[in-house]
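Asks: Got a structure for you, questions after.
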Amino acid sequence: MPSNALGQAFRNVSEDPGLVLIEIAWRWTFGTIAILVVTMSAFVLLGSVSVDPRRWEAAAAVPPLQLAETVATTLIALRSAILRVSLVAVFALTLCWILMSALGRRATLVRPALSPGASLRTCFVVSIARAVLTLGAMVVWILVGIFAGLAGSTRDGVPDPAVILGIALPSLLIIATVWSILNWYFSLAPLFADKPAGGKPATQFAAAMWDFVRSRREELLEISVLTGILRFIAFLGAAMLSFAVSAVIISPRVLLADLVAIALLYFLVGEFLYVLRLAAYATLREQPEVPLDPSPAQLELIPRP
C-alpha cells in the first residue's frame, strides 16, 4: 500500500509542477528573509564591539583554550546587546514564518494532489502552534543548558564536562524527539478539511486526523521512512559532490559559487521529497482502510486499479 501511495503521489506531483514551485517559493523566500535578518543582527552586534586589531593579532597566537575564554568574556560583556538583538530577530522571524507558512501551505492545499485541505484560518492556527512548539523547545533547551552548567560547576569554578554532558545530551535527545513527533503531527493537520465527512464541526477536524494516524500508522511510518531514506541519499550525493568539487577547483569564488549551487540543488530535491510525502499522505487519506481479514462485501468496496 505505501508503494502504491508513493507511486500515485509521484504521478500527481509530476503532473502538477506548480505544486513544487509554490513550496519552493514560500520556503526559499523565508530562507532569504532569515539570512537577511541574521546578517543584519550580526552587523548590529559587531557595530557595538570596539575592535582592536593588535589585540586580536595577539589573541591569535595564544592557546585555543585561552582564546575561547577571551571570546566567552567578550560575549558575556555583550549579553544585554545579544539578548535584545536576538529577541527582535526571533520575533521578526517567527512572524514571517507564521505568515508565509500559512499562506504557502494554503496555496498548496488547493492543488489537486493535496485537496481538499484545511482553510486559511486553520493553516494560520497550525503555523502558530508549530512556531510556539519550536520556541518552547528552544526555551526548554536553554533552561536545561543553564541547569547543566550550574550542576556541573565545581567549588573551584572549573566546570565538569562529564556532568554537563550527562545532563545535556539525554535532555537534548528527549527534547528533539518530542519536538519531532509533535511537529510531524502539526505538519499533517492541514491535510484534513475543517469539516470532515459526517458533518463534524470545524473544531473537531483534529479527531479525524488522529483517527487517520491511528488506523494508518504502519503505512504512514513506511512512507516517512522511504522518503527519509531518499533524502539521506540526496544528502550523501550532495556531500560527495561538494568534496569532489573542493578537491578540484582552486579559485575561492568559483568554489563558493559551486557549493552554493550544490546546496540549492539539494534543497530543491528536499522540497520535492517533502511535497511527495504530503501527496502520498493525501493519497492514503482518500483510500479506504483494508481490513486484515476482509469479507466479500468489504472487498467490493475497495477500488480496483
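By convention here, the chains of the C-alpha cells are called A, B, ... in the order presented, each chain's residues are numbered starting at 1, and ligands are numbered starting at 1 in the order presented.
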Excluding same-chain residues fewer than 2 positions from stretch 136-138 of chain A, what lies within 12 Å of it counting only C-alpha atoms, as a VMD selection string?

Replies: chain A and resid 90 128 to 134 140 to 145 171 to 180 182 to 183

Asks: Using only C-alpha atoms, which residues sit within 12 Å of A:Phe91 once same-chain residues fewer than 4 positions away are excluded, as a ChimeraX atom specification?

Replies: /A:34,37,84-87,95-98,131-132,135

Asks: Kindly indicate which residue among A:Ala25, A:Ala239, A:Tyr185, A:Gly7 lies nearest to A:Ala207, using only C-alpha atoms for the distances.

Replies: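 Residue with the minimum atom-to-atom distance to A:Ala207: A:Tyr185.
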
Asks: For stretch 267-273 of chain A, please output as a PyMOL selection string all residues within 8 Å (counting only C-alpha atoms; exclusion window: fewer than 2 positions along the same chain).

Replies: chain A and resi 20+23-24+227+230-231+234+263-265+275-277

Asks: Those same residues, written as a PDB file, in the first residue's frame with C-alpha atoms?

Replies:
ATOM      1  CA  VAL A  20       6.572  22.041  -6.044  1.00  0.00           C
ATOM      2  CA  GLU A  23       6.530  25.042  -1.947  1.00  0.00           C
ATOM      3  CA  ILE A  24       9.922  26.247  -3.143  1.00  0.00           C
ATOM      4  CA  THR A 227      11.147   9.496   1.816  1.00  0.00           C
ATOM      5  CA  LEU A 230      15.691   9.198  -0.305  1.00  0.00           C
ATOM      6  CA  ARG A 231      16.523  12.485   1.410  1.00  0.00           C
ATOM      7  CA  ALA A 234      20.393  13.026  -1.721  1.00  0.00           C
ATOM      8  CA  ALA A 263      23.299  23.289  -1.781  1.00  0.00           C
ATOM      9  CA  LEU A 264      20.417  24.808  -3.745  1.00  0.00           C
ATOM     10  CA  LEU A 265      20.117  21.619  -5.805  1.00  0.00           C
ATOM     11  CA  VAL A 275       5.780  17.579  -1.281  1.00  0.00           C
ATOM     12  CA  LEU A 276       5.886  13.959  -2.437  1.00  0.00           C
ATOM     13  CA  ARG A 277       5.434  12.796   1.156  1.00  0.00           C
TER      14      ARG A 277
END

Asks: Can you pull out the residues contacting stretch 189-192 of chain A? Cut-off 10 Å, using only C-alpha atoms, and skip same-chain residues under 6 positions away; I want them as number ranges by chain.

Replies: A: 102, 105-106, 109, 114-120, 122-127, 183, 205-210, 212, 278-279, 281-282, 285

Asks: Using Å and a single decimal, report how far atom CA of A:Leu19 sits from atom CA of A:Leu36.

Replies: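 Computing the Euclidean distance for atom CA of A:Leu36 and atom CA of A:Leu19 yields 26.2 Å.
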